[in-house]
>>> print(open('my_file24.cif').read())   # mmCIF, C-alpha atoms
data_protein
loop_
_atom_site.label_atom_id
_atom_site.label_comp_id
_atom_site.auth_asym_id
_atom_site.auth_seq_id
_atom_site.Cartn_x
_atom_site.Cartn_y
_atom_site.Cartn_z
CA MET N 1496 -50.35 81.03 105.38
CA LYS N 1497 -53.48 81.85 107.45
CA ALA N 1498 -53.08 85.50 106.50
CA LEU N 1499 -52.92 84.54 102.82
CA PHE N 1500 -56.14 82.51 103.08
CA ALA N 1501 -57.78 85.42 104.87
CA VAL N 1502 -56.88 87.79 102.02
CA LEU N 1503 -58.17 85.32 99.44
CA ALA N 1504 -61.38 84.93 101.37
CA LEU N 1505 -61.89 88.69 101.32
CA LEU N 1506 -61.14 88.86 97.59
CA ALA N 1507 -63.43 85.97 96.58
CA PRO N 1508 -66.77 87.88 96.67
CA ALA N 1509 -65.23 90.75 94.69
CA LEU N 1510 -63.78 88.39 92.11
CA ALA N 1511 -67.09 86.56 91.75
CA GLN N 1512 -68.92 89.87 91.34
CA ASN N 1513 -66.42 91.01 88.70
CA ALA N 1514 -66.83 87.73 86.76
CA ALA N 1515 -70.58 88.15 86.86
CA GLN N 1516 -70.24 91.70 85.51
CA ILE N 1517 -68.02 90.51 82.65
CA LYS N 1518 -70.50 87.80 81.69
CA GLN N 1519 -73.35 90.32 81.77
CA GLU N 1520 -71.33 92.70 79.58
CA LEU N 1521 -70.60 89.82 77.19
CA LYS N 1522 -74.31 89.06 76.93
CA THR N 1523 -75.01 92.72 76.14
CA LYS N 1524 -72.28 92.86 73.48
CA GLU N 1525 -73.46 89.62 71.91
CA SER N 1526 -77.04 90.84 71.69
CA ALA N 1527 -75.91 94.09 70.09
CA ALA N 1528 -73.84 92.27 67.46
CA LYS N 1529 -76.88 90.29 66.35
CA GLN N 1530 -76.16 88.47 63.07
CA ASP N 1531 -73.25 90.68 61.99
CA ALA N 1532 -70.37 88.20 61.54
CA ASP N 1533 -67.57 90.76 61.95
CA ALA N 1534 -69.16 92.42 64.97
CA LEU N 1535 -69.78 89.04 66.57
CA PHE N 1536 -66.17 88.04 65.91
CA GLU N 1537 -64.97 91.12 67.79
CA VAL N 1538 -67.17 90.06 70.72
CA GLY N 1539 -65.46 86.67 70.64
CA ARG N 1540 -62.04 88.33 70.74
CA TRP N 1541 -63.19 90.43 73.68
CA ALA N 1542 -64.33 87.31 75.52
CA ALA N 1543 -60.98 85.62 74.85
CA GLU N 1544 -59.11 88.66 76.21
CA LYS N 1545 -61.22 88.46 79.37
CA GLY N 1546 -60.28 84.83 79.88
CA LEU N 1547 -63.64 83.38 78.80
CA ALA N 1548 -62.17 80.76 76.46
CA ALA N 1549 -65.26 78.54 76.27
CA GLU N 1550 -67.54 81.49 75.54
CA ALA N 1551 -65.13 82.81 72.91
CA LYS N 1552 -65.09 79.45 71.14
CA ARG N 1553 -68.89 79.28 71.19
CA ILE N 1554 -69.10 82.73 69.63
CA TYR N 1555 -66.50 81.94 66.95
CA GLN N 1556 -68.55 78.88 65.99
CA ALA N 1557 -71.63 81.09 65.80
CA VAL N 1558 -69.73 83.40 63.43
CA LEU N 1559 -68.97 80.45 61.15
CA LYS N 1560 -72.64 79.49 61.03
CA ILE N 1561 -73.31 82.96 59.67
CA ARG N 1562 -70.25 83.08 57.38
CA SER N 1563 -68.33 79.83 56.99
CA ASP N 1564 -65.36 81.50 55.25
CA HIS N 1565 -64.71 84.07 58.01
CA GLU N 1566 -60.91 84.09 58.24
CA GLY N 1567 -60.56 85.33 61.81
CA ALA N 1568 -63.06 82.87 63.27
CA ASN N 1569 -61.58 79.94 61.35
CA GLN N 1570 -58.11 80.76 62.56
CA ALA N 1571 -59.34 81.28 66.11
CA ILE N 1572 -60.74 77.75 66.35
CA GLY N 1573 -57.67 76.24 64.67
CA ASN N 1574 -58.79 75.74 61.09
CA ALA N 1575 -56.46 76.13 58.11
CA LEU N 1576 -57.07 77.05 54.50
CA PHE N 1577 -56.43 74.45 51.78
CA GLU N 1578 -57.23 75.13 48.14
CA GLY N 1579 -59.77 77.77 49.08
CA LYS N 1580 -61.54 75.69 51.72
CA TRP N 1581 -61.28 75.97 55.51
CA LEU N 1582 -60.61 72.62 57.18
CA PRO N 1583 -59.44 71.37 60.57
CA ALA N 1584 -55.70 72.13 60.68
CA LYS N 1585 -54.59 68.48 60.81
CA GLU N 1586 -56.76 67.52 57.83
CA ALA N 1587 -55.54 70.51 55.83
CA GLU N 1588 -51.92 69.67 56.60
CA ASN N 1589 -52.34 66.05 55.49
CA LEU N 1590 -53.93 67.10 52.21
CA ARG N 1591 -51.25 69.72 51.63
CA ARG N 1592 -48.48 67.15 52.18
CA LYS N 1593 -50.06 64.70 49.70
CA ALA N 1594 -50.42 67.39 47.05
CA GLU N 1595 -46.88 68.59 47.66
CA ALA N 1596 -45.44 65.07 47.40
CA ALA N 1597 -47.16 64.48 44.06
CA GLN N 1598 -46.03 67.84 42.71
CA TYR N 1599 -42.35 67.54 43.64
CA ALA N 1600 -41.95 63.82 42.94
CA ALA N 1601 -43.12 64.55 39.40
CA LYS N 1602 -40.30 67.08 39.07
CA GLY N 1603 -37.68 64.57 40.21
CA PHE N 1604 -37.16 66.11 43.64
CA VAL N 1605 -36.10 64.00 46.63
CA GLU N 1606 -37.61 64.21 50.11
CA VAL N 1607 -35.04 64.83 52.86
CA GLN N 1608 -36.13 65.38 56.47
CA GLY N 1609 -39.66 66.12 55.22
CA VAL N 1610 -38.45 68.71 52.70
CA TRP N 1611 -38.39 68.25 48.93
CA VAL N 1612 -35.06 69.25 47.36
CA GLU N 1613 -33.32 68.99 43.99
CA LYS N 1614 -31.25 65.83 43.53
CA GLU N 1615 -27.99 67.81 43.47
CA ARG N 1616 -28.89 69.37 46.85
CA VAL N 1617 -29.54 66.11 48.70
CA ASP N 1618 -26.12 65.87 50.39
CA ASP N 1619 -26.39 69.44 51.66
CA ALA N 1620 -29.93 68.82 52.92
CA LYS N 1621 -28.78 65.75 54.85
CA ARG N 1622 -26.30 68.05 56.64
CA GLY N 1623 -29.03 70.55 57.47
CA ILE N 1624 -28.13 73.00 54.71
CA PHE N 1625 -31.05 74.04 52.52
CA HIS N 1626 -30.90 76.36 49.53
CA HIS N 1627 -33.44 78.93 48.45
CA GLU N 1628 -32.50 81.18 45.56
CA ASN N 1629 -29.25 82.81 46.78
CA GLU N 1630 -29.80 82.03 50.46
CA LEU N 1631 -28.70 79.23 52.74
CA VAL N 1632 -31.66 78.57 55.04
CA THR N 1633 -32.75 76.27 57.82
CA LYS N 1634 -35.21 73.44 57.35
CA ASP N 1635 -38.02 75.46 58.97
CA GLU N 1636 -37.31 78.42 56.69
CA LYS N 1637 -37.20 76.19 53.62
CA VAL N 1638 -40.60 74.69 54.44
CA LEU N 1639 -42.20 78.15 54.68
CA LEU N 1640 -40.42 79.48 51.61
CA MET N 1641 -41.69 76.52 49.59
CA ARG N 1642 -45.20 77.44 50.73
CA GLY N 1643 -44.76 80.90 49.26
CA TYR N 1644 -43.77 82.82 52.38
CA VAL N 1645 -41.72 85.97 51.79
CA ARG N 1646 -39.35 88.06 53.89
CA HIS N 1647 -40.54 91.23 55.54
CA PRO N 1648 -38.62 94.07 53.85
CA ASP N 1649 -37.68 95.67 57.17
CA THR N 1650 -36.85 92.71 59.41
CA GLY N 1651 -36.29 89.73 57.13
CA GLU N 1652 -38.79 87.62 59.08
CA LEU N 1653 -40.90 85.23 57.03
CA ILE N 1654 -44.50 86.30 56.55
CA ASP N 1655 -47.53 84.88 54.76
CA PRO N 1656 -47.66 86.42 51.26
CA LYS N 1657 -51.22 87.62 51.92
CA PHE N 1658 -49.67 90.21 54.27
CA GLN N 1659 -47.24 91.63 51.72
CA ASP N 1660 -49.29 94.81 51.32
CA LYS N 1661 -49.12 95.45 55.07
CA ALA N 1662 -45.38 94.78 55.12
CA ALA N 1663 -44.88 97.11 52.15
CA GLN N 1664 -46.52 99.84 54.26
CA HIS N 1665 -43.86 99.13 56.94
CA LEU N 1666 -46.40 97.65 59.31
CA HIS N 1667 -45.32 94.83 61.64
CA PRO N 1668 -47.09 91.85 63.24
CA ILE N 1669 -47.16 91.79 67.04
CA GLY N 1670 -48.62 89.37 69.56
CA ASN N 1671 -50.59 86.29 68.61
CA ASP N 1672 -53.85 87.90 67.58
CA GLY N 1673 -53.02 88.95 64.03
CA ARG N 1674 -52.43 92.63 64.73
CA TRP N 1675 -50.27 94.67 62.34
CA VAL N 1676 -49.08 98.01 63.68
CA ASP N 1677 -46.80 100.86 62.67
CA VAL N 1678 -43.15 100.84 63.70
CA LYS N 1679 -43.71 103.23 66.60
CA GLU N 1680 -46.20 100.88 68.26
CA ALA N 1681 -44.09 97.84 67.33
CA ASP N 1682 -41.07 99.44 69.01
CA LYS N 1683 -43.10 99.82 72.19
CA PHE N 1684 -44.15 96.16 72.02
CA HIS N 1685 -40.56 94.97 71.49
CA ASN N 1686 -39.15 97.18 74.23
CA ASP N 1687 -40.24 94.47 76.66
CA GLY N 1688 -37.20 92.42 77.70
CA GLN N 1689 -39.09 89.20 76.91
CA ARG N 1690 -40.14 90.34 73.41
CA PRO N 1691 -37.10 91.60 71.49
CA TRP N 1692 -37.03 92.36 67.82
CA PHE N 1693 -35.25 89.71 65.74
CA VAL N 1694 -33.85 91.30 62.61
CA ARG N 1695 -32.03 89.41 59.89
CA SER N 1696 -28.98 90.74 58.01
CA ALA N 1697 -27.09 89.04 55.19
CA TYR N 1698 -25.04 86.92 57.60
CA CYS N 1699 -26.51 87.41 61.08
CA THR N 1700 -29.64 87.70 63.20
CA LEU N 1701 -29.77 90.63 65.62
CA GLY N 1702 -32.02 90.53 68.68
CA SER N 1703 -32.68 93.69 70.68
CA ASN N 1704 -35.15 95.90 72.50
CA LEU N 1705 -33.70 98.92 70.71
CA PRO N 1706 -35.94 100.78 68.24
CA LEU N 1707 -35.96 99.11 64.83
CA GLU N 1708 -34.28 102.10 63.18
CA GLN N 1709 -31.25 101.71 65.44
CA ILE N 1710 -31.08 97.93 64.91
CA ASP N 1711 -31.26 98.47 61.17
CA ALA N 1712 -28.21 100.74 61.30
CA LEU N 1713 -26.25 98.00 63.10
CA ARG N 1714 -27.01 95.26 60.54
CA GLN N 1715 -24.32 96.54 58.25
CA GLU N 1716 -21.80 96.53 61.09
CA ALA N 1717 -22.56 92.90 61.88
CA ASP N 1718 -22.07 91.92 58.25
CA LYS N 1719 -18.79 93.84 58.06
CA ALA N 1720 -17.63 91.79 61.00
CA VAL N 1721 -18.41 88.46 59.38
CA GLU N 1722 -16.77 89.51 56.13
CA ARG N 1723 -13.58 90.54 57.98
CA ALA N 1724 -13.51 87.30 59.94
CA ARG N 1725 -14.03 85.22 56.80
CA GLU N 1726 -11.21 87.12 55.08
CA ALA N 1727 -8.79 86.03 57.82
CA PHE N 1728 -10.15 82.62 58.87
CA GLY N 1729 -11.17 81.36 55.44
CA GLU N 1730 -14.29 81.79 53.38
CA LEU N 1731 -16.28 79.51 55.66
CA MET N 1732 -19.96 79.68 56.48
CA PRO N 1733 -21.62 77.92 59.40
CA LYS N 1734 -24.67 75.78 58.81
CA PRO N 1735 -27.83 77.90 58.62
CA ILE N 1736 -28.90 76.56 62.02
CA HIS N 1737 -25.68 78.05 63.45
CA ARG N 1738 -25.92 81.48 61.83
CA PRO N 1739 -24.50 84.21 64.10
CA VAL N 1740 -27.01 85.58 66.61
CA ILE N 1741 -26.18 88.82 68.44
CA LEU N 1742 -28.18 90.11 71.39
CA ILE N 1743 -27.78 93.88 71.74
CA ALA N 1744 -28.74 95.14 75.19
CA ASP N 1745 -30.32 98.58 75.07
CA THR N 1746 -29.25 99.51 78.60
CA THR N 1747 -26.32 98.73 80.87
CA GLN N 1748 -28.72 97.10 83.33
CA ARG N 1749 -30.01 94.68 80.67
CA TYR N 1750 -26.44 93.95 79.58
CA GLN N 1751 -25.54 93.10 83.16
CA GLU N 1752 -28.62 90.90 83.44
CA LEU N 1753 -27.64 89.04 80.28
CA GLY N 1754 -24.11 88.76 81.61
CA ALA N 1755 -25.39 87.14 84.79
CA ILE N 1756 -27.30 84.58 82.71
CA PHE N 1757 -24.89 83.84 79.88
CA SER N 1758 -21.37 85.05 80.61
CA ASP N 1759 -18.30 83.24 81.94
CA GLY N 1760 -16.77 86.57 83.02
CA THR N 1761 -15.66 87.87 79.63
CA ASP N 1762 -18.52 90.40 79.47
CA ALA N 1763 -16.06 92.96 80.81
CA ALA N 1764 -14.98 93.53 77.21
CA GLY N 1765 -18.37 94.96 76.17
CA ALA N 1766 -19.12 91.90 74.02
CA PHE N 1767 -18.98 88.21 74.87
CA LEU N 1768 -19.92 84.79 73.59
CA ALA N 1769 -22.41 82.90 75.75
CA ARG N 1770 -21.13 79.91 77.68
CA ASP N 1771 -21.16 76.71 75.67
CA ARG N 1772 -23.93 75.10 77.73
CA GLU N 1773 -27.61 74.40 77.26
CA ASP N 1774 -28.52 76.80 80.06
CA ALA N 1775 -26.82 79.63 78.11
CA GLN N 1776 -28.94 79.31 74.98
CA ILE N 1777 -31.90 81.30 73.72
CA ARG N 1778 -34.70 80.35 71.35
CA VAL N 1779 -34.76 82.29 68.09
CA PRO N 1780 -37.51 82.03 65.44
CA MET N 1781 -36.50 79.69 62.59
CA LEU N 1782 -33.20 78.80 64.32
CA GLY N 1783 -34.30 77.09 67.53
CA ASN N 1784 -32.01 77.08 70.56
CA VAL N 1785 -28.78 78.92 69.82
CA ARG N 1786 -25.62 80.09 71.55
CA PRO N 1787 -25.66 83.88 71.11
CA ALA N 1788 -23.05 86.56 71.43
CA VAL N 1789 -24.11 89.46 73.63
CA THR N 1790 -23.16 93.10 73.44
CA LEU N 1791 -24.13 96.55 74.66
CA SER N 1792 -25.53 99.63 72.96
CA GLU N 1793 -23.28 102.36 74.31
CA GLY N 1794 -23.07 105.44 72.11
CA GLN N 1795 -20.09 105.66 69.76
CA HIS N 1796 -18.75 102.31 71.00
CA THR N 1797 -21.83 100.41 69.78
CA PRO N 1798 -20.66 99.62 66.20
CA TYR N 1799 -17.34 98.28 67.53
CA TYR N 1800 -19.06 96.13 70.17
CA VAL N 1801 -21.55 94.76 67.64
CA ARG N 1802 -18.78 93.84 65.22
CA HIS N 1803 -16.86 92.14 68.02
CA ALA N 1804 -19.90 90.09 69.04
CA ALA N 1805 -20.85 89.17 65.46
CA ALA N 1806 -17.39 87.83 64.59
CA MET N 1807 -17.25 85.71 67.75
CA ALA N 1808 -20.71 84.30 67.05
CA TRP N 1809 -19.63 83.55 63.47
CA LEU N 1810 -16.51 81.68 64.64
CA SER N 1811 -18.60 79.76 67.17
CA GLY N 1812 -20.86 78.62 64.34
CA VAL N 1813 -17.90 77.73 62.14
CA SER N 1814 -16.33 75.69 64.94
CA GLU N 1815 -19.34 73.36 64.71
CA ILE N 1816 -17.96 72.15 61.35
CA SER N 1817 -14.96 70.53 63.01
CA GLY N 1818 -16.60 70.11 66.41
CA ALA N 1819 -13.61 71.75 68.08
CA GLU N 1820 -13.56 73.73 71.30
CA LEU N 1821 -11.49 76.84 70.59
CA PRO N 1822 -9.15 78.62 73.01
CA LEU N 1823 -10.41 81.96 74.30
CA TRP N 1824 -7.60 83.94 72.68
CA LEU N 1825 -8.65 82.67 69.23
CA VAL N 1826 -12.33 83.45 69.79
CA GLU N 1827 -11.42 86.94 70.97
CA ALA N 1828 -9.05 87.28 68.00
CA ALA N 1829 -12.03 86.98 65.65
CA GLY N 1830 -13.86 89.62 67.69
CA SER N 1831 -10.82 91.89 67.77
CA LEU N 1832 -10.31 91.61 64.01
CA ALA N 1833 -13.85 92.87 63.49
CA ARG N 1834 -13.61 95.45 66.25
CA TYR N 1835 -10.24 97.02 65.40
CA PHE N 1836 -9.12 95.72 61.99
CA VAL N 1837 -12.11 96.23 59.68
CA ASN N 1838 -10.15 98.97 57.93
CA ASP N 1839 -6.58 100.30 57.96
CA SER N 1840 -7.66 103.56 59.57
CA ASP N 1841 -9.10 101.86 62.67
CA ALA N 1842 -6.26 99.34 62.84
CA GLY N 1843 -3.69 102.13 62.81
CA TRP N 1844 -5.59 104.37 65.22
CA TYR N 1845 -5.93 101.67 67.83
CA GLY N 1846 -2.41 100.54 66.99
CA LYS N 1847 -1.14 103.89 68.29
CA GLN N 1848 -2.86 103.17 71.59
CA GLN N 1849 -1.30 99.71 71.62
CA MET N 1850 2.17 101.23 71.24
CA GLN N 1851 1.42 103.48 74.23
CA ARG N 1852 0.57 100.32 76.17
CA GLY N 1853 3.92 98.80 75.30
CA GLY N 1854 3.34 97.43 71.79
CA VAL N 1855 4.03 93.74 71.18
CA LYS N 1856 4.89 91.98 74.40
CA ASN N 1857 6.11 88.46 75.23
CA LEU N 1858 4.02 86.35 72.87
CA LYS N 1859 4.76 83.16 74.75
CA ALA N 1860 3.21 84.61 77.91
CA PHE N 1861 0.35 86.10 75.87
CA PHE N 1862 -0.76 82.73 74.46
CA ALA N 1863 -0.27 80.87 77.74
CA GLY N 1864 -2.02 83.36 80.01
CA PHE N 1865 -4.68 85.01 77.86
CA HIS N 1866 -7.84 85.85 79.79
CA ILE N 1867 -10.56 88.48 80.02
CA ASP N 1868 -12.35 89.31 83.25
CA GLY N 1869 -13.75 92.17 85.26
CA THR N 1870 -10.77 92.42 87.59
CA MET N 1871 -8.42 93.57 84.81
CA GLU N 1872 -7.36 97.15 84.32
CA GLN N 1873 -8.95 98.51 81.15
CA ALA N 1874 -5.57 99.14 79.50
CA GLU N 1875 -4.50 95.55 80.12
CA MET N 1876 -7.77 94.15 78.79
CA LEU N 1877 -7.82 96.30 75.66
CA GLY N 1878 -4.17 95.49 75.07
CA SER N 1879 -4.90 91.76 75.20
CA LEU N 1880 -7.83 92.12 72.81
CA TYR N 1881 -5.84 94.16 70.31
CA MET N 1882 -2.91 91.73 70.47
CA ALA N 1883 -5.20 88.78 69.69
CA GLY N 1884 -6.49 90.53 66.58
CA LEU N 1885 -3.03 91.72 65.58
CA VAL N 1886 -1.61 88.20 65.62
CA VAL N 1887 -4.28 86.84 63.27
CA SER N 1888 -4.31 89.96 61.11
CA TYR N 1889 -0.56 89.55 60.56
CA ALA N 1890 -0.64 85.80 59.97
CA SER N 1891 -3.42 86.16 57.38
CA SER N 1892 -1.81 89.12 55.61
CA LYS N 1893 0.51 89.27 52.60
CA GLN N 1894 3.29 90.51 54.90
CA ALA N 1895 3.24 87.35 57.02
CA ASP N 1896 6.43 85.36 57.56
CA PRO N 1897 6.16 82.09 55.52
CA THR N 1898 6.32 80.01 58.70
CA ALA N 1899 3.47 81.95 60.30
CA ALA N 1900 1.42 81.87 57.10
CA ALA N 1901 1.82 78.10 56.76
CA ALA N 1902 0.91 77.51 60.39
CA TRP N 1903 -2.16 79.73 60.07
CA LYS N 1904 -3.25 77.88 56.93
CA ALA N 1905 -3.12 74.63 58.91
CA VAL N 1906 -5.50 76.16 61.47
CA LYS N 1907 -7.91 77.25 58.74
CA ASP N 1908 -7.79 73.85 57.05
CA ALA N 1909 -8.55 72.07 60.32
CA LEU N 1910 -11.49 74.39 61.04
CA ALA N 1911 -12.90 73.67 57.58
CA THR N 1912 -12.69 69.88 57.92
CA PRO N 1913 -15.89 68.20 59.17
CA GLY N 1914 -15.32 66.22 62.34
CA ALA N 1915 -11.64 67.25 62.65
CA ALA N 1916 -11.89 68.38 66.26
CA SER N 1917 -8.77 66.43 67.21
CA LYS N 1918 -6.75 68.32 64.59
CA VAL N 1919 -7.78 71.87 65.48
CA GLY N 1920 -6.19 72.01 68.95
CA PRO N 1921 -2.72 70.83 67.81
CA ALA N 1922 -2.87 73.15 64.78
CA VAL N 1923 -3.63 76.15 67.00
CA GLU N 1924 -0.80 75.20 69.39
CA LYS N 1925 1.66 74.88 66.48
CA PHE N 1926 0.54 78.26 65.18
CA ALA N 1927 1.14 79.89 68.58
CA ALA N 1928 4.58 78.28 68.75
CA ALA N 1929 5.40 79.53 65.26
CA MET N 1930 4.45 83.10 66.25
CA VAL N 1931 6.54 83.29 69.44
CA PRO N 1932 9.89 83.91 67.64
CA LEU N 1933 8.32 86.54 65.39
CA GLU N 1934 7.80 89.37 67.88
CA ALA N 1935 10.08 91.70 65.91
CA LYS N 1936 8.21 91.07 62.66
CA LEU N 1937 4.88 91.56 64.41
CA THR N 1938 6.15 94.87 65.78
CA THR N 1939 7.16 95.97 62.28
CA TYR N 1940 3.69 95.03 61.03
CA LEU N 1941 2.11 97.10 63.83
CA GLN N 1942 4.29 100.08 62.95
CA GLU N 1943 3.21 99.83 59.30
CA LEU N 1944 -0.44 99.85 60.37
CA ILE N 1945 0.14 102.93 62.49
CA LYS N 1946 1.39 104.82 59.43
CA LEU N 1947 -2.09 104.32 57.93
CA ALA N 1948 -3.86 105.90 60.92
CA PRO N 1949 -5.55 109.30 60.49
CA GLN N 1950 -3.32 112.13 61.63
#
>>> encode(input="my_file24.cif", output="structure tokens")
Amino acid sequence: MKALFAVLALLAPALAQNAAQIKQELKTKESAAKQDADALFEVGRWAAEKGLAAEAKRIYQAVLKIRSDHEGANQAIGNALFEGKWLPAKEAENLRRKAEAAQYAAKGFVEVQGVWVEKERVDDAKRGIFHHENELVTKDEKVLLMRGYVRHPDTGELIDPKFQDKAAQHLHPIGNDGRWVDVKEADKFHNDGQRPWFVRSAYCTLGSNLPLEQIDALRQEADKAVERAREAFGELMPKPIHRPVILIADTTQRYQELGAIFSDGTDAAGAFLARDREDAQIRVPMLGNVRPAVTLSEGQHTPYYVRHAAAMAWLSGVSEISGAELPLWLVEAAGSLARYFVNDSDAGWYGKQQMQRGGVKNLKAFFAGFHIDGTMEQAEMLGSLYMAGLVVSYASSKQADPTAAAAWKAVKDALATPGAASKVGPAVEKFAAAMVPLEAKLTTYLQELIKLAPQ
């Protein structure tokens, strides 16, 4: 501790001298700017960057004395624009709310959770489901959309309409100082592990430090995954607040770091659903704290991993409808469906590998002992994943035995019933029991898939 104080004592004169130099430089810059509002504003920004908050505020106020409608200075001191006039943010917000209430009440809208909605949408709004054109959106999104915000064409993030021209030029906002930069510079900014891109697809939100071009190519894979899962599990959609969120690690090291934070050991599969605990959540713009699925960018495996993660995140969101806690084999079944069964070609190709691993094995033991962890041999782990997907693919197919099909329908019905958590577990157990005697039929189904594999 004495050594630390000694170092600080040595640094103090240097720090004081540096602060004095900064203040002298500020004085010089301010004198040079004279009465030029824009030049003076840039001096204020410089002061803020140097940690001189009080000086920056003083300069911003000086800018407004020269030009009261200066956008940057108004925003810097916390003002907001209302009907063409800059006002303190709180005053502007109060006036906006009064004007909005009068406007929508006159149209017969109803206020729900601070949002004005059509009468026929009230029940949905009370459940946290808001509609905008053809989208289901969160409350926060709905508020901005009603204020005229639009989606960035590249990322889907909501932006002030005054920036549409910048967005149309494929520029992107970074930081908190109003900068818009090209995608190359934005990629550098978002390469920081604490500042990932968040990119919206039709069904999902993808977060990653990968370059935007690579994330964009994976959006379609995530949506394929959700569509395949919905085909098998029922045409369900989670509430907008529970939309699937997939974190895509750009390096193995980052994937391992995310695994240490979020995983319960299932990260060995290349994709996993975060633990169902508050300490395994992340904050996502417009969604709040969410339980993500996590996966790895690893060459040719990346699309398969992303699909696996997206389907698990989708099923996690859907499970919130009933409030049920799902068994791991069922969660992984959704991921496996998207990973291996998106098309007949993949299903058959990986089916060949499954046959080499022994094909369909002891379903009773499979359901009772299903697990995924880093101690497993890769063949055993991949075999378990494929089997989980195969079971659901069969039960949801036209070839399914009537007993299996009926039992699977009961699972889907329970998942779709609000608050039916107590019904989901028994339905899943009955489904597993119904499948156990059908090993031969499942084997036949696997053999039929293999015939569809590329030669």
>>> residues_around(input="my_file24.cif", residues="segment 1715-1726 of chain N", least_positions_apart="3", cutoff="8 Å", atoms="only C-alpha atoms", output="JSON, numbers by chain")
{"N": [1696, 1697, 1698, 1699, 1711, 1712, 1729, 1730, 1731, 1798, 1801, 1802, 1803, 1805, 1806, 1809, 1810, 1829, 1830, 1832, 1833, 1834, 1836, 1837]}
>>> resolve_selection(input="my_file24.cif", expression="the PyMOL selection byres ((chain N and resi 1941-1950) around 7)", output="list in words")
Asp1839, Ser1840, Asp1841, Ala1842, Gly1843, Trp1844, Gly1846, Lys1847, Leu1937, Thr1938, Thr1939 and Tyr1940 of chain N
>>> closest_residue(input="my_file24.cif", among="N:Tyr1599, N:Gln1689, N:Leu1559, N:Gly1609", to="Trp1581 of chain N", atoms="all atoms listed in the file")
N:Leu1559
>>> closest_residue(input="my_file24.cif", among="N:Met1732, N:Ala1775, N:Ala1681, N:Val1826", to="Leu1707 of chain N", atoms="only C-alpha atoms")
N:Ala1681
>>> atom_distance(input="my_file24.cif", atom1="atom CA of Trp1824 of chain N", atom2="atom CA of Ala1883 of chain N")
6.2 Å
>>> resolve_selection(input="my_file24.cif", expression="the PyMOL selection byres ((chain N and resi 1774) around 12)", output="PyMOL selection string")
chain N and resi 1755-1758+1769-1773+1775-1778+1784-1787
>>> resolve_selection(input="my_file24.cif", expression="the PyMOL selection byres ((chain N and resi 1661-1669) around 10)", output="short mmCIF file (atom, residue, chain, number, x, y, z; two decimals) with C-alpha atoms, in the frame of the given file")
data_model
loop_
_atom_site.label_atom_id
_atom_site.label_comp_id
_atom_site.auth_asym_id
_atom_site.auth_seq_id
_atom_site.Cartn_x
_atom_site.Cartn_y
_atom_site.Cartn_z
CA ARG N 1646 -39.35 88.06 53.89
CA HIS N 1647 -40.54 91.23 55.54
CA PRO N 1648 -38.62 94.07 53.85
CA ASP N 1649 -37.68 95.67 57.17
CA THR N 1650 -36.85 92.71 59.41
CA ILE N 1654 -44.50 86.30 56.55
CA PRO N 1656 -47.66 86.42 51.26
CA LYS N 1657 -51.22 87.62 51.92
CA PHE N 1658 -49.67 90.21 54.27
CA GLN N 1659 -47.24 91.63 51.72
CA ASP N 1660 -49.29 94.81 51.32
CA GLY N 1670 -48.62 89.37 69.56
CA ASN N 1671 -50.59 86.29 68.61
CA ASP N 1672 -53.85 87.90 67.58
CA GLY N 1673 -53.02 88.95 64.03
CA ARG N 1674 -52.43 92.63 64.73
CA TRP N 1675 -50.27 94.67 62.34
CA VAL N 1676 -49.08 98.01 63.68
CA ASP N 1677 -46.80 100.86 62.67
CA VAL N 1678 -43.15 100.84 63.70
CA LYS N 1679 -43.71 103.23 66.60
CA GLU N 1680 -46.20 100.88 68.26
CA ALA N 1681 -44.09 97.84 67.33
CA ASP N 1682 -41.07 99.44 69.01
CA PHE N 1684 -44.15 96.16 72.02
CA HIS N 1685 -40.56 94.97 71.49
CA ARG N 1690 -40.14 90.34 73.41
#
>>> residues_around(input="my_file24.cif", residues="Lys1734 of chain N", least_positions_apart="4", cutoff="10 Å", atoms="only C-alpha atoms", output="list in words")
Asp1619, Arg1622, Gly1623, Ile1624, Phe1625, Leu1631, Val1632, Thr1633, Arg1738, Pro1739, Gly1812, Val1813, Glu1815 and Ile1816 of chain N
>>> decode(input="my_file24.cif", residues="segment 1740-1758 of chain N", atoms="C-alpha atoms", output="mmCIF file, in the first residue's frame")
data_model
loop_
_atom_site.group_PDB
_atom_site.id
_atom_site.type_symbol
_atom_site.label_atom_id
_atom_site.label_comp_id
_atom_site.auth_asym_id
_atom_site.auth_seq_id
_atom_site.Cartn_x
_atom_site.Cartn_y
_atom_site.Cartn_z
ATOM 1 C CA VAL N 1740 -31.557 -14.284 -29.477
ATOM 2 C CA ILE N 1741 -28.412 -16.010 -30.750
ATOM 3 C CA LEU N 1742 -24.908 -14.974 -29.744
ATOM 4 C CA ILE N 1743 -22.380 -16.045 -32.377
ATOM 5 C CA ALA N 1744 -18.820 -16.115 -31.043
ATOM 6 C CA ASP N 1745 -16.283 -15.122 -33.672
ATOM 7 C CA THR N 1746 -13.447 -17.105 -32.096
ATOM 8 C CA THR N 1747 -13.118 -20.312 -30.114
ATOM 9 C CA GLN N 1748 -11.718 -18.304 -27.200
ATOM 10 C CA ARG N 1749 -14.807 -16.073 -27.074
ATOM 11 C CA TYR N 1750 -17.050 -19.134 -27.339
ATOM 12 C CA GLN N 1751 -15.261 -20.682 -24.381
ATOM 13 C CA GLU N 1752 -15.596 -17.430 -22.441
ATOM 14 C CA LEU N 1753 -19.333 -17.351 -23.133
ATOM 15 C CA GLY N 1754 -19.530 -21.005 -22.153
ATOM 16 C CA ALA N 1755 -17.907 -20.240 -18.812
ATOM 17 C CA ILE N 1756 -20.496 -17.515 -18.186
ATOM 18 C CA PHE N 1757 -23.681 -19.067 -19.540
ATOM 19 C CA SER N 1758 -23.363 -22.805 -20.087
#
